$ cat target-v7.tsv   # TSV, C-alpha atoms
chain	number	residue	atom	x	y	z
A	927	MET	CA	0.00	0.00	0.00
A	928	ASP	CA	2.86	2.39	0.76
A	929	GLN	CA	4.22	1.99	-2.74
A	930	ILE	CA	0.83	2.83	-4.26
A	931	ARG	CA	0.46	5.95	-2.13
A	932	ILE	CA	3.95	7.14	-3.02
A	933	SER	CA	3.34	6.61	-6.73
A	934	GLN	CA	0.09	8.55	-6.64
A	935	SER	CA	1.79	11.37	-4.76
A	936	VAL	CA	4.59	11.57	-7.31
A	937	ILE	CA	2.14	11.63	-10.21
A	938	ALA	CA	0.16	14.41	-8.56
A	939	ARG	CA	3.28	16.51	-8.06
A	940	ILE	CA	4.39	16.03	-11.65
A	941	TYR	CA	1.21	17.80	-12.73
A	942	GLU	CA	2.39	20.82	-10.73
A	943	ILE	CA	5.86	21.03	-12.29
A	944	ARG	CA	6.24	23.55	-15.11
A	945	VAL	CA	8.40	23.30	-18.21
A	946	GLU	CA	10.55	26.22	-17.08
A	947	ARG	CA	11.76	24.16	-14.12
A	948	ILE	CA	13.20	21.30	-16.18
A	949	MET	CA	14.21	22.89	-19.50
A	950	ARG	CA	17.87	23.15	-20.48
A	951	THR	CA	19.07	26.66	-21.17
A	952	ASP	CA	22.76	25.87	-21.77
A	953	VAL	CA	22.16	24.56	-25.26
A	954	ALA	CA	24.18	25.34	-28.35
A	955	ARG	CA	22.37	27.33	-30.98
A	956	VAL	CA	23.26	28.37	-34.52
A	957	GLY	CA	22.23	30.96	-37.09
A	958	GLN	CA	20.76	30.43	-40.52
A	959	GLU	CA	24.10	31.27	-42.10
A	960	THR	CA	26.01	28.64	-40.08
A	961	MET	CA	27.50	26.00	-42.36
A	962	MET	CA	26.37	22.39	-41.92
A	963	SER	CA	29.96	21.22	-41.55
A	964	THR	CA	30.29	23.13	-38.28
A	965	LEU	CA	27.50	21.11	-36.64
A	966	LYS	CA	29.68	18.02	-36.14
A	967	ALA	CA	31.12	19.15	-32.81
A	968	ILE	CA	27.71	20.29	-31.56
A	969	VAL	CA	26.07	16.95	-32.36
A	970	LYS	CA	28.89	14.98	-30.71
A	971	GLU	CA	29.04	17.05	-27.53
A	972	ASN	CA	25.33	17.49	-26.86
A	973	ASN	CA	22.65	14.88	-26.19
A	974	TYR	CA	19.52	16.82	-27.01
A	975	ALA	CA	17.61	15.94	-30.13
A	976	CYS	CA	17.46	19.20	-32.11
A	977	ILE	CA	19.75	22.17	-32.59
A	978	PRO	CA	17.84	25.47	-32.50
A	979	VAL	CA	18.35	27.95	-35.34
A	980	LEU	CA	17.97	31.58	-34.26
A	981	ASN	CA	17.60	34.95	-35.92
A	982	GLY	CA	18.67	37.21	-33.12
A	983	SER	CA	16.71	35.90	-30.12
A	984	LYS	CA	13.87	34.44	-32.21
A	985	LEU	CA	13.59	30.75	-33.05
A	986	VAL	CA	13.24	30.39	-36.83
A	987	GLY	CA	13.98	26.71	-37.30
A	988	GLN	CA	15.83	23.67	-36.04
A	989	ILE	CA	18.14	20.96	-37.29
A	990	SER	CA	17.32	17.47	-36.02
A	991	ILE	CA	19.95	14.80	-35.61
A	992	GLU	CA	18.13	12.82	-38.31
A	993	GLY	CA	18.47	15.83	-40.60
A	994	TYR	CA	22.17	16.06	-39.87
A	995	ILE	CA	22.65	12.33	-40.56
A	996	ASP	CA	20.68	12.63	-43.81
A	997	TRP	CA	22.98	15.47	-44.86
A	998	LEU	CA	26.08	13.41	-44.00
A	999	SER	CA	24.90	10.51	-46.12
A	1000	SER	CA	23.80	12.69	-49.04
A	1001	ASP	CA	25.81	14.23	-51.85
A	1002	ILE	CA	24.71	17.74	-50.84
A	1003	GLY	CA	27.69	19.98	-50.37
A	1004	ASP	CA	28.47	22.17	-47.39
A	1005	VAL	CA	25.48	24.49	-47.32
A	1006	PRO	CA	24.08	26.98	-44.79
A	1007	VAL	CA	21.84	25.55	-42.08
A	1008	GLY	CA	19.02	27.78	-43.29
A	1009	GLN	CA	18.68	25.71	-46.45
A	1010	LEU	CA	18.04	22.45	-44.59
A	1011	MET	CA	16.47	23.49	-41.29
A	1012	GLU	CA	13.00	22.36	-40.27
A	1013	VAL	CA	10.44	25.14	-39.97
A	1014	ASP	CA	7.34	23.11	-39.05
A	1015	TYR	CA	7.67	21.93	-35.46
A	1016	ARG	CA	5.94	21.98	-32.09
A	1017	THR	CA	7.11	24.40	-29.40
A	1018	LEU	CA	6.55	24.55	-25.65
A	1019	TYR	CA	5.87	27.50	-23.36
A	1020	PRO	CA	7.63	27.78	-19.99
A	1021	GLU	CA	4.38	27.82	-18.01
A	1022	GLU	CA	3.08	24.56	-19.50
A	1023	PRO	CA	2.93	21.51	-17.19
A	1024	VAL	CA	5.45	18.68	-17.57
A	1025	VAL	CA	2.62	16.28	-18.41
A	1026	THR	CA	2.33	18.15	-21.71
A	1027	VAL	CA	5.93	17.28	-22.45
A	1028	VAL	CA	5.37	13.64	-21.57
A	1029	ARG	CA	2.41	13.51	-23.93
A	1030	GLU	CA	4.36	15.08	-26.79
A	1031	LEU	CA	7.60	13.17	-26.32
A	1032	GLU	CA	6.17	9.74	-25.62
A	1033	LEU	CA	2.81	9.50	-27.36
A	1034	VAL	CA	3.72	11.50	-30.46
A	1035	GLY	CA	7.21	10.00	-30.56
A	1036	LEU	CA	9.26	13.20	-30.41
A	1037	ARG	CA	12.66	13.32	-28.74
A	1038	GLY	CA	13.00	17.00	-27.89
A	1039	LEU	CA	11.08	20.26	-28.03
A	1040	PRO	CA	12.20	23.91	-28.03
A	1041	VAL	CA	10.79	26.31	-25.43
A	1042	ILE	CA	9.88	29.87	-26.40
A	1043	ASP	CA	8.37	32.85	-24.62
A	1044	ARG	CA	4.64	32.95	-25.30
A	1045	LEU	CA	4.55	36.75	-25.72
A	1046	THR	CA	7.83	37.60	-27.41
A	1047	GLY	CA	8.65	34.36	-29.22
A	1048	ASP	CA	12.19	34.48	-27.83
A	1049	PHE	CA	14.01	31.16	-27.60
A	1050	LEU	CA	14.45	30.05	-23.98
A	1051	GLY	CA	15.71	26.48	-24.00
A	1052	VAL	CA	15.05	22.84	-24.84
A	1053	VAL	CA	13.29	19.97	-23.11
A	1054	CYS	CA	14.46	16.55	-24.28
A	1055	ARG	CA	13.49	13.05	-23.31
A	1056	CYS	CA	17.04	12.08	-22.37
A	1057	THR	CA	17.24	14.65	-19.53
A	1058	MET	CA	13.59	15.21	-18.64
A	1059	MET	CA	13.50	12.59	-15.88
A	1060	GLU	CA	16.62	14.03	-14.27
A	1061	GLY	CA	14.90	17.38	-14.07
A	1062	VAL	CA	11.71	15.88	-12.68
A	1063	LEU	CA	13.60	13.95	-10.00
A	1064	ALA	CA	15.47	17.08	-9.02
A	1065	GLU	CA	12.19	18.95	-8.66
A	1066	LEU	CA	10.70	16.16	-6.59
A	1067	ASP	CA	13.81	16.15	-4.43
A	1068	VAL	CA	14.03	12.40	-4.62
A	1069	ASP	CA	17.01	10.87	-2.84
A	1070	ASP	CA	17.82	8.42	-5.60
A	1071	ASP	CA	20.68	6.73	-3.75
A	1072	LYS	CA	18.50	5.77	-0.81
A	1073	VAL	CA	15.97	4.20	-3.15
A	1074	LYS	CA	18.62	2.31	-5.12
A	1075	ASP	CA	20.76	0.93	-2.29
A	1076	ARG	CA	18.09	-0.86	-0.32
A	1077	LYS	CA	19.03	-3.48	2.25
A	1078	SER	CA	19.35	-7.06	1.12
A	1079	GLU	CA	16.19	-8.11	2.99
A	1080	ASP	CA	14.19	-6.01	0.50
A	1081	PHE	CA	15.62	-7.93	-2.45
A	1082	ILE	CA	12.66	-9.72	-4.02
A	1083	LEU	CA	14.63	-12.86	-4.94
A	1084	ASN	CA	15.41	-13.56	-1.28
A	1085	SER	CA	11.82	-14.65	-0.80
A	1086	ILE	CA	11.98	-17.17	-3.67
A	1087	GLU	CA	12.89	-20.79	-2.85
A	1088	SER	CA	13.46	-21.99	-6.40
A	1089	GLU	CA	17.09	-22.31	-7.51
A	1090	SER	CA	16.17	-22.17	-11.20
A	1091	SER	CA	15.41	-19.06	-13.20
A	1092	ILE	CA	12.44	-17.35	-11.57
A	1093	MET	CA	12.06	-14.33	-13.84
A	1094	THR	CA	12.57	-13.64	-17.53
A	1095	LEU	CA	12.31	-10.17	-19.05
A	1096	ASN	CA	12.42	-9.53	-22.79
A	1097	TYR	CA	13.30	-6.26	-24.50
A	1098	ASN	CA	13.15	-5.51	-28.21
A	1099	VAL	CA	15.64	-3.10	-29.78
A	1100	GLU	CA	14.05	-1.84	-32.96
A	1101	ALA	CA	15.94	-0.39	-35.90
A	1102	LYS	CA	16.08	3.37	-35.33
A	1103	PRO	CA	18.51	6.30	-35.31
A	1104	LEU	CA	21.39	6.27	-32.85
A	1105	GLU	CA	19.99	9.17	-30.84
A	1106	TYR	CA	17.36	6.73	-29.58
A	1107	GLY	CA	20.16	4.65	-28.14
A	1108	GLY	CA	19.85	4.00	-24.43
A	1109	GLU	CA	16.09	3.53	-24.26
A	1110	VAL	CA	16.23	-0.22	-23.68
A	1111	SER	CA	19.21	-0.09	-21.33
A	1112	SER	CA	17.41	2.61	-19.36
A	1113	SER	CA	14.36	0.34	-19.08
A	1114	ILE	CA	16.56	-2.53	-17.88
A	1115	ARG	CA	18.16	-0.25	-15.30
A	1116	SER	CA	14.78	0.90	-13.98
A	1117	ASP	CA	13.37	-2.64	-13.83
A	1118	LEU	CA	16.37	-3.96	-11.90
A	1119	TYR	CA	16.13	-1.15	-9.37
A	1120	ARG	CA	12.44	-1.91	-8.89
A	1121	LEU	CA	13.36	-5.53	-8.19
A	1122	GLY	CA	15.69	-4.36	-5.43
A	1123	LEU	CA	19.13	-5.16	-6.86
A	1124	SER	CA	22.03	-3.17	-5.44
A	1125	GLY	CA	23.22	0.00	-7.15
A	1126	SER	CA	26.59	-1.51	-8.11
A	1127	THR	CA	25.00	-4.54	-9.76
A	1128	VAL	CA	22.47	-2.44	-11.66
A	1129	ARG	CA	25.18	-0.08	-12.90
A	1130	ARG	CA	27.22	-2.99	-14.28
A	1131	ALA	CA	24.18	-4.43	-16.03
A	1132	ALA	CA	23.13	-1.03	-17.38
A	1133	ILE	CA	26.58	-0.28	-18.83
A	1134	ALA	CA	26.76	-3.68	-20.53
A	1135	ALA	CA	23.23	-3.26	-21.87
A	1136	TYR	CA	23.93	0.25	-23.18
A	1137	GLU	CA	27.08	-0.80	-25.04
A	1138	ALA	CA	25.27	-3.78	-26.53
A	1139	GLU	CA	22.28	-1.63	-27.51
A	1140	MET	CA	24.48	0.88	-29.32
A	1141	ASN	CA	26.19	-1.97	-31.17
A	1142	LEU	CA	22.81	-3.31	-32.27
A	1143	LEU	CA	21.76	0.08	-33.63
A	1144	SER	CA	25.12	0.70	-35.31
A	1145	TYR	CA	25.68	-2.67	-36.94
A	1146	ALA	CA	22.63	-4.93	-36.83
A	1147	SER	CA	19.51	-2.73	-37.11
A	1148	GLY	CA	18.18	-3.96	-33.78
A	1149	GLY	CA	17.89	-7.19	-31.85
A	1150	ILE	CA	16.54	-8.91	-28.73
A	1151	PHE	CA	17.60	-8.64	-25.07
A	1152	THR	CA	16.63	-11.52	-22.76
A	1153	LEU	CA	17.28	-11.00	-19.06
A	1154	LYS	CA	16.96	-13.89	-16.60
A	1155	LEU	CA	17.23	-13.76	-12.81
A	1156	ASN	CA	17.61	-16.42	-10.18
A	1157	ARG	CA	18.88	-16.40	-6.60
A	1158	GLY	CA	22.52	-16.23	-7.60
A	1159	LEU	CA	22.81	-14.83	-11.11
A	1160	LEU	CA	21.75	-12.12	-13.50
A	1161	ASN	CA	21.99	-13.49	-17.03
A	1162	LEU	CA	21.67	-11.18	-20.05
A	1163	GLU	CA	21.57	-12.51	-23.61
A	1164	ILE	CA	21.73	-10.12	-26.57
A	1165	GLU	CA	20.99	-11.59	-29.97
A	1166	ASP	CA	20.69	-10.11	-33.44
A	1167	SER	CA	20.28	-11.29	-37.00
A	1168	GLY	CA	22.73	-8.77	-38.42
A	1169	PRO	CA	25.74	-9.25	-40.71
A	1170	GLY	CA	27.78	-11.12	-38.11
A	1171	ILE	CA	31.43	-10.64	-37.13
A	1172	PRO	CA	34.03	-12.17	-39.47
A	1173	ASP	CA	36.77	-12.28	-36.82
A	1174	VAL	CA	35.47	-12.35	-33.24
A	1175	GLU	CA	38.96	-12.47	-31.75
A	1176	LYS	CA	39.94	-9.36	-33.70
A	1177	ALA	CA	36.71	-7.61	-32.72
A	1178	MET	CA	37.56	-8.08	-29.04
A	1179	GLU	CA	40.79	-6.11	-29.41
A	1180	PRO	CA	40.55	-2.60	-27.87
A	1181	GLY	CA	40.21	0.04	-30.56
A	1182	TYR	CA	39.20	-2.32	-33.35
A	1183	SER	CA	36.05	-1.14	-35.10
A	1184	THR	CA	34.20	-1.59	-38.37
A	1185	ALA	CA	31.69	1.18	-37.65
A	1186	PRO	CA	30.55	3.10	-40.76
A	1187	ASP	CA	31.61	6.71	-41.20
A	1188	TRP	CA	28.27	8.18	-40.15
A	1189	VAL	CA	28.45	6.32	-36.82
A	1190	ARG	CA	31.95	7.67	-36.22
A	1191	GLU	CA	30.74	11.15	-37.12
A	1192	LEU	CA	28.44	10.99	-34.09
A	1193	GLY	CA	31.26	9.97	-31.78
A	1194	PHE	CA	30.51	6.23	-31.58
A	1195	GLY	CA	32.30	3.20	-32.96
A	1196	ALA	CA	35.54	3.67	-31.01
A	1197	GLY	CA	36.05	-0.07	-30.74
A	1198	MET	CA	35.60	-0.33	-26.96
A	1199	GLY	CA	32.00	-1.57	-26.78
A	1200	LEU	CA	32.71	-5.30	-26.45
A	1201	GLN	CA	35.58	-4.63	-24.04
A	1202	ASN	CA	33.31	-2.51	-21.85
A	1203	ILE	CA	30.67	-5.25	-21.84
A	1204	LYS	CA	33.24	-7.86	-20.87
A	1205	SER	CA	34.66	-5.69	-18.08
A	1206	CYS	CA	31.18	-5.41	-16.53
A	1207	SER	CA	30.66	-9.19	-16.58
A	1208	ASP	CA	31.69	-11.99	-14.26
A	1209	ASN	CA	31.37	-14.30	-17.25
A	1210	PHE	CA	31.18	-13.21	-20.88
A	1211	SER	CA	30.92	-15.04	-24.18
A	1212	ILE	CA	30.32	-14.07	-27.78
A	1213	SER	CA	29.44	-16.18	-30.82
A	1214	SER	CA	28.87	-14.93	-34.33
A	1215	ARG	CA	28.28	-16.23	-37.85
A	1216	VAL	CA	28.67	-14.07	-40.92
A	1217	GLY	CA	25.31	-13.53	-42.56
A	1218	VAL	CA	23.44	-15.05	-39.61
A	1219	GLY	CA	24.01	-12.83	-36.59
A	1220	THR	CA	25.71	-12.42	-33.23
A	1221	LYS	CA	24.91	-13.52	-29.68
A	1222	LEU	CA	26.38	-12.14	-26.47
A	1223	ILE	CA	25.99	-13.73	-23.04
A	1224	VAL	CA	26.67	-11.63	-19.95
A	1225	ASP	CA	26.59	-13.12	-16.44
A	1226	ILE	CA	26.72	-11.01	-13.27
A	1227	ASN	CA	26.85	-12.81	-9.92
A	1228	LEU	CA	24.28	-11.82	-7.30
A	1229	GLU	CA	25.71	-13.53	-4.23
A	1230	GLU	CA	25.97	-10.23	-2.34
A	1231	GLN	CA	22.20	-9.74	-2.51
A	1232	CYS	CA	21.24	-13.33	-1.87
A	1233	ALA	CA	23.66	-14.40	0.85

$ encode --input "target-v7.tsv" --output "structure tokens"
Amino acid sequence: MDQIRISQSVIARIYEIRVERIMRTDVARVGQETMMSTLKAIVKENNYACIPVLNGSKLVGQISIEGYIDWLSSDIGDVPVGQLMEVDYRTLYPEEPVVTVVRELELVGLRGLPVIDRLTGDFLGVVCRCTMMEGVLAELDVDDDKVKDRKSEDFILNSIESESSIMTLNYNVEAKPLEYGGEVSSSIRSDLYRLGLSGSTVRRAAIAAYEAEMNLLSYASGGIFTLKLNRGLLNLEIEDSGPGIPDVEKAMEPGYSTAPDWVRELGFGAGMGLQNIKSCSDNFSISSRVGVGTKLIVDINLEEQCA
């Protein structure tokens, strides 16, 4: 009952939070005359979905990450942003409730929205899905560490007698742009916290899942995550039907990468993904067949929770 009351309280307070309290104001912005080639550093260093295009203080357009990627893969030369910017987009006002943002970002499928002054039209900032929850938690003054690092007696698996797998969770990584990367690993992280696993265990699993998810989006156009839990082990299997890895041993070498140019343009494909996954695992294996796909198995011991 306590959990239900807390959830209802949080939901009620979210309705009271305004956009101005969670928007980012320290965002890079460009002018219509800015050349597309100069956007590379901005895209790599910032994790919001769209780059605002201003004329003075007024928002006149935006360049989405998809638009930037399309330009990279096209034969269009280096042109001013004004020629390729989007001019038909939804904006937010600072006094709108956060639930409006949730509706727009989740139900409509958007990843970020610019915020403008209702009266003057001046650009104020950006609200994006990747940082919205951080802002909400800050407003709610939630002590995240206390929630995450619960005592072992709260760990749900302690009450289970079975020694076999007692829970299986499946997650589908669909083919989509890299800026969506992290959605599935974030879901895994949240689910494991809800089950009461320790912060250190969840962080290891989340890092491994994130690296694997980015690999799926970069090389295989998606795949399947299968997470299994029992009293002593967290087992994560990641499987895809992508092109496969010709030389698995070579792929495990730090710095080795076959990422396409457009992936490298966004700052990914540094050749450390598999190494990072392995370093987060107590046991790790990889199998791959060219033209068939790749399968990763990640095991993380849970003795500390279940002792």

$ residues_near_point --input "target-v7.tsv" --point "(12.5, 19.7, -20.4)" --cutoff "8 Å" --atoms "only C-alpha atoms" --output "PyMOL selection string"
chain A and resi 945-950+1024+1027+1038-1039+1052-1055+1057-1058+1061

$ residues_near_point --input "target-v7.tsv" --point "(29.3, -12.7, -33.7)" --cutoff "12 Å" --atoms "all atoms listed in the file" --output "ChimeraX atom specification"
/A:1141-1142,1145-1146,1164-1178,1200,1211-1223

$ residues_around --input "target-v7.tsv" --residues "Gly1008 (chain A)" --least-positions-apart "6" --cutoff "9 Å" --atoms "all atoms listed in the file" --output "PyMOL selection string"
chain A and resi 957-961+979+987-988

$ atom_distance --input "target-v7.tsv" --atom1 "CA of Gly1158 (chain A)" --atom2 "CA of Gln1201 (chain A)"
24.0 Å

$ atom_distance --input "target-v7.tsv" --atom1 "CA of Val1110 (chain A)" --atom2 "CA of Leu1162 (chain A)"
12.8 Å

$ atom_distance --input "target-v7.tsv" --atom1 "CA of Asp1117 (chain A)" --atom2 "CA of Asn1202 (chain A)"
21.5 Å

$ closest_residue --input "target-v7.tsv" --among "A:Ser1144, A:Ser1112, A:Thr964, A:Ser990" --to "Val1013 (chain A)" --atoms "all atoms listed in the file"
A:Ser990

$ closest_residue --input "target-v7.tsv" --among "A:Leu980, A:Ile943, A:Ile995, A:Met1011" --to "Lys966 (chain A)" --atoms "all atoms listed in the file"
A:Ile995

$ residues_around --input "target-v7.tsv" --residues "Arg955 (chain A)" --least-positions-apart "6" --cutoff "12 Å" --atoms "all atoms listed in the file" --output "ChimeraX atom specification"
/A:964-965,968-969,972,974,976-989,1007,1040,1049-1052

$ closest_residue --input "target-v7.tsv" --among "A:Ile1226, A:Tyr1019, A:Glu971, A:Leu1045" --to "Ala1131 (chain A)" --atoms "all atoms listed in the file"
A:Ile1226

$ closest_residue --input "target-v7.tsv" --among "A:Ser1126, A:Leu1153, A:Met1093, A:Pro1020" --to "Ile1114 (chain A)" --atoms "only C-alpha atoms"
A:Leu1153

$ closest_residue --input "target-v7.tsv" --among "A:Met1140, A:Leu1010, A:Arg944, A:Val1041" --to "Glu1022 (chain A)" --atoms "only C-alpha atoms"
A:Arg944

$ closest_residue --input "target-v7.tsv" --among "A:Arg1016, A:Leu1160, A:Lys1154, A:Asp996" --to "Tyr1097 (chain A)" --atoms "all atoms listed in the file"
A:Lys1154

$ residues_around --input "target-v7.tsv" --residues "Lys1204 (chain A)" --least-positions-apart "6" --cutoff "9 Å" --atoms "only C-alpha atoms" --output "ChimeraX atom specification"
/A:1134,1210-1211,1224

$ decode --input "target-v7.tsv" --residues "region 1082-1177 of chain A" --atoms "C-alpha atoms" --output "short mmCIF file (atom, residue, chain, number, x, y, z; two decimals), in the first residue's frame"
data_model
loop_
_atom_site.label_atom_id
_atom_site.label_comp_id
_atom_site.auth_asym_id
_atom_site.auth_seq_id
_atom_site.Cartn_x
_atom_site.Cartn_y
_atom_site.Cartn_z
CA ILE A 1082 12.66 -9.72 -4.02
CA LEU A 1083 14.63 -12.86 -4.94
CA ASN A 1084 15.41 -13.56 -1.28
CA SER A 1085 11.82 -14.65 -0.80
CA ILE A 1086 11.98 -17.17 -3.67
CA GLU A 1087 12.89 -20.79 -2.85
CA SER A 1088 13.46 -21.99 -6.40
CA GLU A 1089 17.09 -22.31 -7.51
CA SER A 1090 16.17 -22.17 -11.20
CA SER A 1091 15.41 -19.06 -13.20
CA ILE A 1092 12.44 -17.35 -11.57
CA MET A 1093 12.06 -14.33 -13.84
CA THR A 1094 12.57 -13.64 -17.53
CA LEU A 1095 12.31 -10.17 -19.05
CA ASN A 1096 12.42 -9.53 -22.79
CA TYR A 1097 13.30 -6.26 -24.50
CA ASN A 1098 13.15 -5.51 -28.21
CA VAL A 1099 15.64 -3.10 -29.78
CA GLU A 1100 14.05 -1.84 -32.96
CA ALA A 1101 15.94 -0.39 -35.90
CA LYS A 1102 16.08 3.37 -35.33
CA PRO A 1103 18.51 6.30 -35.31
CA LEU A 1104 21.39 6.27 -32.85
CA GLU A 1105 19.99 9.17 -30.84
CA TYR A 1106 17.36 6.73 -29.58
CA GLY A 1107 20.16 4.65 -28.14
CA GLY A 1108 19.85 4.00 -24.43
CA GLU A 1109 16.09 3.53 -24.26
CA VAL A 1110 16.23 -0.22 -23.68
CA SER A 1111 19.21 -0.09 -21.33
CA SER A 1112 17.41 2.61 -19.36
CA SER A 1113 14.36 0.34 -19.08
CA ILE A 1114 16.56 -2.53 -17.88
CA ARG A 1115 18.16 -0.25 -15.30
CA SER A 1116 14.78 0.90 -13.98
CA ASP A 1117 13.37 -2.64 -13.83
CA LEU A 1118 16.37 -3.96 -11.90
CA TYR A 1119 16.13 -1.15 -9.37
CA ARG A 1120 12.44 -1.91 -8.89
CA LEU A 1121 13.36 -5.53 -8.19
CA GLY A 1122 15.69 -4.36 -5.43
CA LEU A 1123 19.13 -5.16 -6.86
CA SER A 1124 22.03 -3.17 -5.44
CA GLY A 1125 23.22 0.00 -7.15
CA SER A 1126 26.59 -1.51 -8.11
CA THR A 1127 25.00 -4.54 -9.76
CA VAL A 1128 22.47 -2.44 -11.66
CA ARG A 1129 25.18 -0.08 -12.90
CA ARG A 1130 27.22 -2.99 -14.28
CA ALA A 1131 24.18 -4.43 -16.03
CA ALA A 1132 23.13 -1.03 -17.38
CA ILE A 1133 26.58 -0.28 -18.83
CA ALA A 1134 26.76 -3.68 -20.53
CA ALA A 1135 23.23 -3.26 -21.87
CA TYR A 1136 23.93 0.25 -23.18
CA GLU A 1137 27.08 -0.80 -25.04
CA ALA A 1138 25.27 -3.78 -26.53
CA GLU A 1139 22.28 -1.63 -27.51
CA MET A 1140 24.48 0.88 -29.32
CA ASN A 1141 26.19 -1.97 -31.17
CA LEU A 1142 22.81 -3.31 -32.27
CA LEU A 1143 21.76 0.08 -33.63
CA SER A 1144 25.12 0.70 -35.31
CA TYR A 1145 25.68 -2.67 -36.94
CA ALA A 1146 22.63 -4.93 -36.83
CA SER A 1147 19.51 -2.73 -37.11
CA GLY A 1148 18.18 -3.96 -33.78
CA GLY A 1149 17.89 -7.19 -31.85
CA ILE A 1150 16.54 -8.91 -28.73
CA PHE A 1151 17.60 -8.64 -25.07
CA THR A 1152 16.63 -11.52 -22.76
CA LEU A 1153 17.28 -11.00 -19.06
CA LYS A 1154 16.96 -13.89 -16.60
CA LEU A 1155 17.23 -13.76 -12.81
CA ASN A 1156 17.61 -16.42 -10.18
CA ARG A 1157 18.88 -16.40 -6.60
CA GLY A 1158 22.52 -16.23 -7.60
CA LEU A 1159 22.81 -14.83 -11.11
CA LEU A 1160 21.75 -12.12 -13.50
CA ASN A 1161 21.99 -13.49 -17.03
CA LEU A 1162 21.67 -11.18 -20.05
CA GLU A 1163 21.57 -12.51 -23.61
CA ILE A 1164 21.73 -10.12 -26.57
CA GLU A 1165 20.99 -11.59 -29.97
CA ASP A 1166 20.69 -10.11 -33.44
CA SER A 1167 20.28 -11.29 -37.00
CA GLY A 1168 22.73 -8.77 -38.42
CA PRO A 1169 25.74 -9.25 -40.71
CA GLY A 1170 27.78 -11.12 -38.11
CA ILE A 1171 31.43 -10.64 -37.13
CA PRO A 1172 34.03 -12.17 -39.47
CA ASP A 1173 36.77 -12.28 -36.82
CA VAL A 1174 35.47 -12.35 -33.24
CA GLU A 1175 38.96 -12.47 -31.75
CA LYS A 1176 39.94 -9.36 -33.70
CA ALA A 1177 36.71 -7.61 -32.72
#
